[in-house]
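Trainee: What follows is coords-v8.pdb, made up of PDB, C-alpha atoms, pLDDT in the B column:
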MODEL        1
ATOM      1  CA  MET A  19      30.996  29.262  25.680  1.00 41.00           C
ATOM      2  CA  GLU A  20      28.231  27.134  27.089  1.00 60.00           C
ATOM      3  CA  GLY A  21      27.150  23.747  25.797  1.00 66.00           C
ATOM      4  CA  VAL A  22      24.823  23.420  22.881  1.00 69.00           C
ATOM      5  CA  ARG A  23      21.218  24.233  23.781  1.00 79.00           C
ATOM      6  CA  ILE A  24      18.598  22.547  21.629  1.00 84.00           C
ATOM      7  CA  LEU A  25      14.976  23.355  22.419  1.00 88.00           C
ATOM      8  CA  TYR A  26      11.847  21.337  21.710  1.00 88.00           C
ATOM      9  CA  TRP A  27      10.922  23.389  18.675  1.00 91.00           C
ATOM     10  CA  HIS A  28      14.264  22.579  17.051  1.00 92.00           C
ATOM     11  CA  TRP A  29      13.297  18.897  17.139  1.00 92.00           C
ATOM     12  CA  TRP A  30       9.803  19.656  15.823  1.00 93.00           C
ATOM     13  CA  GLY A  31      11.323  21.678  12.987  1.00 94.00           C
ATOM     14  CA  LEU A  32      13.642  18.775  12.157  1.00 92.00           C
ATOM     15  CA  GLY A  33      10.630  16.445  12.204  1.00 93.00           C
ATOM     16  CA  LEU A  34       8.752  18.708   9.765  1.00 93.00           C
ATOM     17  CA  ILE A  35      11.748  18.983   7.451  1.00 93.00           C
ATOM     18  CA  LEU A  36      12.157  15.193   7.419  1.00 91.00           C
ATOM     19  CA  ALA A  37       8.423  14.733   6.758  1.00 88.00           C
ATOM     20  CA  ALA A  38       8.687  17.167   3.852  1.00 91.00           C
ATOM     21  CA  LEU A  39      11.670  15.235   2.481  1.00 90.00           C
ATOM     22  CA  GLU A  40       9.455  12.144   2.476  1.00 85.00           C
ATOM     23  CA  MET A  41       7.363  13.733  -0.270  1.00 85.00           C
ATOM     24  CA  PHE A  42      10.377  13.895  -2.567  1.00 85.00           C
ATOM     25  CA  LEU A  43      12.173  10.721  -1.465  1.00 82.00           C
ATOM     26  CA  PRO A  44       9.420   8.195  -0.645  1.00 72.00           C
ATOM     27  CA  GLY A  45       9.977   5.063   1.348  1.00 72.00           C
ATOM     28  CA  ALA A  46       8.881   6.142   4.842  1.00 72.00           C
ATOM     29  CA  ALA A  47      12.473   6.254   6.146  1.00 80.00           C
ATOM     30  CA  PHE A  48      12.480  10.019   6.620  1.00 86.00           C
ATOM     31  CA  LEU A  49       8.993   9.869   8.090  1.00 86.00           C
ATOM     32  CA  ARG A  50      10.129   7.426  10.783  1.00 88.00           C
ATOM     33  CA  ILE A  51      13.173   9.508  11.663  1.00 90.00           C
ATOM     34  CA  GLY A  52      10.992  12.641  11.662  1.00 91.00           C
ATOM     35  CA  GLY A  53       8.616  10.918  14.085  1.00 91.00           C
ATOM     36  CA  ALA A  54      11.547  10.166  16.385  1.00 93.00           C
ATOM     37  CA  ALA A  55      12.540  13.854  16.251  1.00 94.00           C
ATOM     38  CA  VAL A  56       9.000  14.962  17.141  1.00 94.00           C
ATOM     39  CA  ILE A  57       8.917  12.562  20.117  1.00 95.00           C
ATOM     40  CA  VAL A  58      12.278  13.859  21.358  1.00 95.00           C
ATOM     41  CA  GLY A  59      10.916  17.410  21.008  1.00 95.00           C
ATOM     42  CA  LEU A  60       7.863  16.484  23.075  1.00 95.00           C
ATOM     43  CA  LEU A  61      10.025  14.902  25.784  1.00 94.00           C
ATOM     44  CA  THR A  62      12.327  17.947  25.768  1.00 93.00           C
ATOM     45  CA  LEU A  63       9.293  20.171  26.261  1.00 93.00           C
ATOM     46  CA  LEU A  64       8.147  18.124  29.253  1.00 94.00           C
ATOM     47  CA  VAL A  65      11.549  17.398  30.833  1.00 93.00           C
ATOM     48  CA  ASP A  66      14.763  19.415  30.748  1.00 90.00           C
ATOM     49  CA  LEU A  67      17.178  17.091  28.925  1.00 89.00           C
ATOM     50  CA  SER A  68      20.821  17.697  28.104  1.00 89.00           C
ATOM     51  CA  PHE A  69      21.874  17.757  24.470  1.00 89.00           C
ATOM     52  CA  ALA A  70      23.736  14.442  24.833  1.00 91.00           C
ATOM     53  CA  ILE A  71      20.642  12.718  26.237  1.00 93.00           C
ATOM     54  CA  GLN A  72      18.519  14.226  23.476  1.00 93.00           C
ATOM     55  CA  LEU A  73      20.879  12.853  20.806  1.00 93.00           C
ATOM     56  CA  VAL A  74      21.008   9.393  22.360  1.00 95.00           C
ATOM     57  CA  LEU A  75      17.230   9.349  22.737  1.00 96.00           C
ATOM     58  CA  PHE A  76      16.806  10.443  19.127  1.00 95.00           C
ATOM     59  CA  GLY A  77      19.133   7.705  17.898  1.00 95.00           C
ATOM     60  CA  VAL A  78      17.430   5.017  19.962  1.00 96.00           C
ATOM     61  CA  LEU A  79      13.956   6.085  18.830  1.00 95.00           C
ATOM     62  CA  ALA A  80      14.993   6.259  15.172  1.00 93.00           C
ATOM     63  CA  VAL A  81      16.487   2.741  15.289  1.00 94.00           C
ATOM     64  CA  LEU A  82      13.458   1.435  17.213  1.00 94.00           C
ATOM     65  CA  ALA A  83      11.108   2.948  14.621  1.00 89.00           C
ATOM     66  CA  TRP A  84      13.075   1.257  11.850  1.00 86.00           C
ATOM     67  CA  PHE A  85      12.937  -2.162  13.553  1.00 89.00           C
ATOM     68  CA  LEU A  86       9.208  -1.816  14.246  1.00 87.00           C
ATOM     69  CA  SER A  87       8.549  -0.869  10.628  1.00 80.00           C
ATOM     70  CA  ARG A  88      10.457  -3.951   9.434  1.00 82.00           C
ATOM     71  CA  LEU A  89       8.396  -6.113  11.795  1.00 84.00           C
ATOM     72  CA  VAL A  90       5.138  -4.667  10.441  1.00 78.00           C
ATOM     73  CA  ALA A  91       6.345  -5.000   6.834  1.00 72.00           C
ATOM     74  CA  ARG A  92       7.086  -8.686   7.384  1.00 76.00           C
ATOM     75  CA  ARG A  93       3.529  -9.285   8.616  1.00 73.00           C
ATOM     76  CA  ASP A  94       1.878  -7.375   5.761  1.00 61.00           C
ATOM     77  CA  PRO A  95       1.152  -9.750   2.862  1.00 63.00           C
ATOM     78  CA  GLY A  96       0.957  -6.843   0.421  1.00 59.00           C
ATOM     79  CA  ASP A  97      -1.449  -6.627  -2.454  1.00 56.00           C
ATOM     80  CA  VAL A  98      -2.887 -10.050  -3.233  1.00 56.00           C
ATOM     81  CA  HIS A  99      -3.447  -8.990  -6.857  1.00 55.00           C
ATOM     82  CA  ALA A 100       0.046  -7.577  -7.379  1.00 56.00           C
ATOM     83  CA  GLY A 101       0.991 -10.518  -9.632  1.00 60.00           C
ATOM     84  CA  THR A 102      -1.956  -9.773 -11.945  1.00 57.00           C
ATOM     85  CA  LEU A 103      -1.672  -5.990 -11.925  1.00 60.00           C
ATOM     86  CA  ASN A 104      -1.405  -5.651 -15.704  1.00 65.00           C
ATOM     87  CA  ARG A 105      -3.356  -8.842 -16.362  1.00 72.00           C
ATOM     88  CA  ARG A 106      -6.638  -7.870 -14.735  1.00 76.00           C
ATOM     89  CA  GLY A 107      -8.700 -10.680 -16.258  1.00 77.00           C
ATOM     90  CA  GLU A 108      -6.627 -13.366 -14.539  1.00 82.00           C
ATOM     91  CA  GLN A 109      -7.970 -12.384 -11.135  1.00 83.00           C
ATOM     92  CA  TYR A 110     -11.442 -13.498 -12.275  1.00 87.00           C
ATOM     93  CA  VAL A 111     -10.429 -17.068 -13.138  1.00 89.00           C
ATOM     94  CA  GLY A 112     -12.626 -19.432 -11.155  1.00 89.00           C
ATOM     95  CA  GLN A 113     -15.407 -16.901 -10.518  1.00 90.00           C
ATOM     96  CA  ILE A 114     -18.977 -17.559 -11.584  1.00 92.00           C
ATOM     97  CA  VAL A 115     -20.638 -14.719 -13.527  1.00 92.00           C
ATOM     98  CA  THR A 116     -23.877 -14.246 -15.458  1.00 91.00           C
ATOM     99  CA  LEU A 117     -23.989 -13.752 -19.207  1.00 93.00           C
ATOM    100  CA  GLU A 118     -25.266 -10.316 -20.146  1.00 93.00           C
ATOM    101  CA  ALA A 119     -25.374 -11.203 -23.833  1.00 92.00           C
ATOM    102  CA  ALA A 120     -25.735 -14.736 -25.195  1.00 91.00           C
ATOM    103  CA  ILE A 121     -22.683 -16.566 -26.454  1.00 91.00           C
ATOM    104  CA  GLU A 122     -23.317 -16.909 -30.179  1.00 92.00           C
ATOM    105  CA  ASN A 123     -20.687 -18.060 -32.652  1.00 91.00           C
ATOM    106  CA  GLY A 124     -18.303 -18.422 -29.718  1.00 90.00           C
ATOM    107  CA  PHE A 125     -18.539 -14.876 -28.284  1.00 94.00           C
ATOM    108  CA  GLY A 126     -20.782 -12.983 -25.843  1.00 93.00           C
ATOM    109  CA  ARG A 127     -20.620 -10.554 -22.905  1.00 94.00           C
ATOM    110  CA  ALA A 128     -20.697 -10.987 -19.137  1.00 92.00           C
ATOM    111  CA  LYS A 129     -20.789  -8.463 -16.322  1.00 88.00           C
ATOM    112  CA  VAL A 130     -17.932  -8.982 -13.876  1.00 86.00           C
ATOM    113  CA  GLY A 131     -18.053  -6.568 -10.967  1.00 81.00           C
ATOM    114  CA  ASP A 132     -18.818  -3.166 -12.497  1.00 82.00           C
ATOM    115  CA  THR A 133     -17.355  -3.980 -15.930  1.00 85.00           C
ATOM    116  CA  VAL A 134     -18.806  -5.770 -18.936  1.00 91.00           C
ATOM    117  CA  TRP A 135     -16.256  -8.195 -20.425  1.00 91.00           C
ATOM    118  CA  ARG A 136     -16.198  -9.894 -23.780  1.00 94.00           C
ATOM    119  CA  VAL A 137     -16.361 -13.638 -23.200  1.00 94.00           C
ATOM    120  CA  ALA A 138     -15.674 -16.648 -25.357  1.00 93.00           C
ATOM    121  CA  GLY A 139     -16.906 -20.204 -25.036  1.00 91.00           C
ATOM    122  CA  THR A 140     -16.820 -23.424 -27.035  1.00 89.00           C
ATOM    123  CA  VAL A 141     -20.604 -23.860 -26.707  1.00 89.00           C
ATOM    124  CA  ASP A 142     -23.290 -21.296 -27.491  1.00 89.00           C
ATOM    125  CA  LEU A 143     -25.218 -20.311 -24.336  1.00 91.00           C
ATOM    126  CA  PRO A 144     -28.279 -18.067 -23.852  1.00 92.00           C
ATOM    127  CA  GLN A 145     -28.325 -14.745 -21.998  1.00 92.00           C
ATOM    128  CA  GLY A 146     -28.710 -15.022 -18.204  1.00 91.00           C
ATOM    129  CA  VAL A 147     -26.858 -18.346 -17.873  1.00 92.00           C
ATOM    130  CA  ARG A 148     -24.269 -18.548 -15.111  1.00 92.00           C
ATOM    131  CA  VAL A 149     -20.790 -19.380 -16.369  1.00 94.00           C
ATOM    132  CA  ARG A 150     -17.400 -20.006 -14.749  1.00 94.00           C
ATOM    133  CA  VAL A 151     -14.340 -18.075 -15.943  1.00 92.00           C
ATOM    134  CA  THR A 152     -11.710 -20.649 -16.935  1.00 92.00           C
ATOM    135  CA  SER A 153      -8.958 -18.396 -18.299  1.00 90.00           C
ATOM    136  CA  ALA A 154      -8.168 -14.908 -19.506  1.00 88.00           C
ATOM    137  CA  ASP A 155      -6.561 -13.783 -22.733  1.00 86.00           C
ATOM    138  CA  GLY A 156      -5.988 -10.027 -22.589  1.00 84.00           C
ATOM    139  CA  ALA A 157      -9.454  -8.437 -22.514  1.00 85.00           C
ATOM    140  CA  LEU A 158     -11.212 -11.708 -23.357  1.00 91.00           C
ATOM    141  CA  LEU A 159     -12.455 -14.117 -20.693  1.00 92.00           C
ATOM    142  CA  TRP A 160     -12.905 -17.778 -21.591  1.00 93.00           C
ATOM    143  CA  VAL A 161     -15.934 -19.322 -19.898  1.00 93.00           C
ATOM    144  CA  GLU A 162     -17.824 -22.594 -19.567  1.00 91.00           C
ATOM    145  CA  ALA A 163     -21.295 -23.383 -18.223  1.00 89.00           C
ATOM    146  CA  ALA A 164     -21.260 -23.436 -14.420  1.00 83.00           C
TER
ENDMDL
END
Is it possible to express this structure as structure tokens?
Mentor:
Amino acid sequence: MEGVRILYWHWWGLGLILAALEMFLPGAAFLRIGGAAVIVGLLTLLVDLSFAIQLVLFGVLAVLAWFLSRLVARRDPGDVHAGTLNRRGEQYVGQIVTLEAAIENGFGRAKVGDTVWRVAGTVDLPQGVRVRVTSADGALLWVEAA
């Protein structure tokens, strides 16, 4: 019996299977290993490699892909608003916005981005005045004259 013969399309099939697994088990680990398999398949197509060399190359590429992904992950600061994900109003603290409805009896409305927020202030202010968001309490923004 001859040695094991793995062709390029075997590696490409493994790469596709690993990419499909990524849909069910997210985290990009299978995607990286699948990429290593596709690269080994491409090299096997271009150069006749023994099975042992293919396996070693696959292992080296998979480990290299993991280290490179860790390096990129360390540089990526992530989402700057991740700490306020469920406290959306807090990301507006410090911003200056314009009153869409006057603050009367302590409450009014201001447009922040594409959303109109209910605002509260200690002083009544007319419509069109620019105010600074000082804090957020759920869906209520506390403001003061800018």
Trainee: Using only C-alpha atoms, determine which residues lie at most 12 Å from Asp155 in chain A, disregarding the query and same-chain residues fewer than 6 positions distant; provide the list as a PyMOL selection string.
Mentor: chain A and resi 104-111+135-138+161
Trainee: Could you tell me how far CA of Asp66 in chain A lies from CA of Trp27 in chain A, in Å and to one decimal?
Mentor: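 Atom-to-atom, CA of Asp66 in chain A to CA of Trp27 in chain A, that is 13.3 Å.
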Trainee: Residues near Gly139 in chain A, anyone? I mean within 9 Å using only C-alpha atoms, not counting same-chain ones fewer than 2 positions away, as a list in words.
Mentor: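 Once the nearby chain positions are removed, what remains is Ile121, Glu122, Asn123, Gly124, Phe125, Gly126, Val137, Val141, Asp142, Leu143, Leu159, Trp160, Val161, Glu162 and Ala163 of chain A.
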Trainee: Within 12 Å of range 71-79 of chain A, counting all atoms listed in the file, which residues show up once you throw out same-chain ones fewer than 4 positions away? Write them as a ChimeraX atom specification, please.
Mentor: /A:22-26,28-29,32-33,50-63,65-67,83-86
Trainee: A:Val151, A:Leu82, A:Ala128, A:Ala164: which is nearest Gly112 in chain A, counting all atoms listed in the file?
Mentor: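 Of A:Val151, A:Leu82, A:Ala128, A:Ala164, the one nearest Gly112 in chain A, counting all atoms listed in the file, is A:Val151.
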Trainee: Using all atoms listed in the file, pick whichever of A:Gly31, A:Gly131, A:Pro44, A:Pro144 has the shortest atom-to-atom distance to Glu118 in chain A.
Mentor: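 Among the listed residues, the smallest separation from Glu118 in chain A belongs to A:Pro144.
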Trainee: What is the CA of Arg150 in chain A to CA of Thr116 in chain A distance in Å?
Mentor: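 Those two atoms sit 8.7 Å apart.
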Trainee: Rounded to one decimal, what separation in Å do you get between CA of Phe48 in chain A and CA of Phe69 in chain A?
Mentor: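 CA of Phe69 in chain A lies at a distance of 21.6 Å from CA of Phe48 in chain A.
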Trainee: Got a minute to add all heavy atoms to range 50-61 of chain A and dump it as a short mmCIF file (atom, residue, chain, number, x, y, z; two decimals), keeping the file's coordinate frame?
Mentor:
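Dumped everything to rebuild.cif:
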data_model
loop_
_atom_site.label_atom_id
_atom_site.label_comp_id
_atom_site.auth_asym_id
_atom_site.auth_seq_id
_atom_site.Cartn_x
_atom_site.Cartn_y
_atom_site.Cartn_z
N ARG A 50 9.84 8.08 9.50
CA ARG A 50 10.13 7.43 10.78
C ARG A 50 11.12 8.25 11.61
O ARG A 50 10.95 8.44 12.80
CB ARG A 50 10.70 6.04 10.53
CG ARG A 50 9.70 5.09 10.01
CD ARG A 50 10.34 3.71 9.85
NE ARG A 50 9.61 3.00 8.83
CZ ARG A 50 10.06 2.75 7.61
NH1 ARG A 50 11.27 3.12 7.27
NH2 ARG A 50 9.32 2.11 6.74
N ILE A 51 12.16 8.71 10.95
CA ILE A 51 13.17 9.51 11.66
C ILE A 51 12.56 10.83 12.12
O ILE A 51 12.84 11.31 13.22
CB ILE A 51 14.41 9.73 10.77
CG1 ILE A 51 15.06 8.39 10.44
CG2 ILE A 51 15.41 10.65 11.44
CD1 ILE A 51 16.13 8.46 9.39
N GLY A 52 11.69 11.42 11.28
CA GLY A 52 10.99 12.64 11.66
C GLY A 52 10.09 12.41 12.87
O GLY A 52 9.98 13.26 13.75
N GLY A 53 9.44 11.26 12.92
CA GLY A 53 8.62 10.92 14.08
C GLY A 53 9.46 10.83 15.35
O GLY A 53 9.03 11.27 16.42
N ALA A 54 10.64 10.24 15.23
CA ALA A 54 11.55 10.17 16.39
C ALA A 54 11.94 11.57 16.85
O ALA A 54 11.98 11.85 18.05
CB ALA A 54 12.79 9.36 16.02
N ALA A 55 12.18 12.48 15.90
CA ALA A 55 12.54 13.85 16.25
C ALA A 55 11.38 14.55 16.97
O ALA A 55 11.60 15.28 17.95
CB ALA A 55 12.93 14.63 15.00
N VAL A 56 10.16 14.34 16.50
CA VAL A 56 9.00 14.96 17.14
C VAL A 56 8.83 14.44 18.57
O VAL A 56 8.54 15.20 19.49
CB VAL A 56 7.73 14.71 16.29
CG1 VAL A 56 6.47 15.11 17.05
CG2 VAL A 56 7.82 15.48 14.98
N ILE A 57 9.04 13.14 18.77
CA ILE A 57 8.92 12.56 20.12
C ILE A 57 9.98 13.14 21.04
O ILE A 57 9.71 13.47 22.20
CB ILE A 57 8.99 11.03 20.05
CG1 ILE A 57 7.73 10.48 19.37
CG2 ILE A 57 9.13 10.43 21.45
CD1 ILE A 57 7.79 9.00 19.06
N VAL A 58 11.21 13.26 20.54
CA VAL A 58 12.28 13.86 21.36
C VAL A 58 11.91 15.30 21.70
O VAL A 58 12.12 15.76 22.82
CB VAL A 58 13.65 13.77 20.65
CG1 VAL A 58 14.70 14.59 21.39
CG2 VAL A 58 14.09 12.33 20.53
N GLY A 59 11.35 16.04 20.74
CA GLY A 59 10.92 17.41 21.01
C GLY A 59 9.85 17.46 22.09
O GLY A 59 9.89 18.33 22.97
N LEU A 60 8.91 16.54 22.05
CA LEU A 60 7.86 16.48 23.08
C LEU A 60 8.46 16.19 24.45
O LEU A 60 8.11 16.83 25.44
CB LEU A 60 6.82 15.43 22.71
CG LEU A 60 5.66 15.27 23.67
CD1 LEU A 60 4.84 16.55 23.72
CD2 LEU A 60 4.79 14.10 23.27
N LEU A 61 9.38 15.23 24.50
CA LEU A 61 10.02 14.90 25.78
C LEU A 61 10.87 16.07 26.29
O LEU A 61 10.92 16.34 27.49
CB LEU A 61 10.89 13.65 25.64
CG LEU A 61 10.10 12.34 25.43
CD1 LEU A 61 11.05 11.20 25.13
CD2 LEU A 61 9.25 12.03 26.64
#
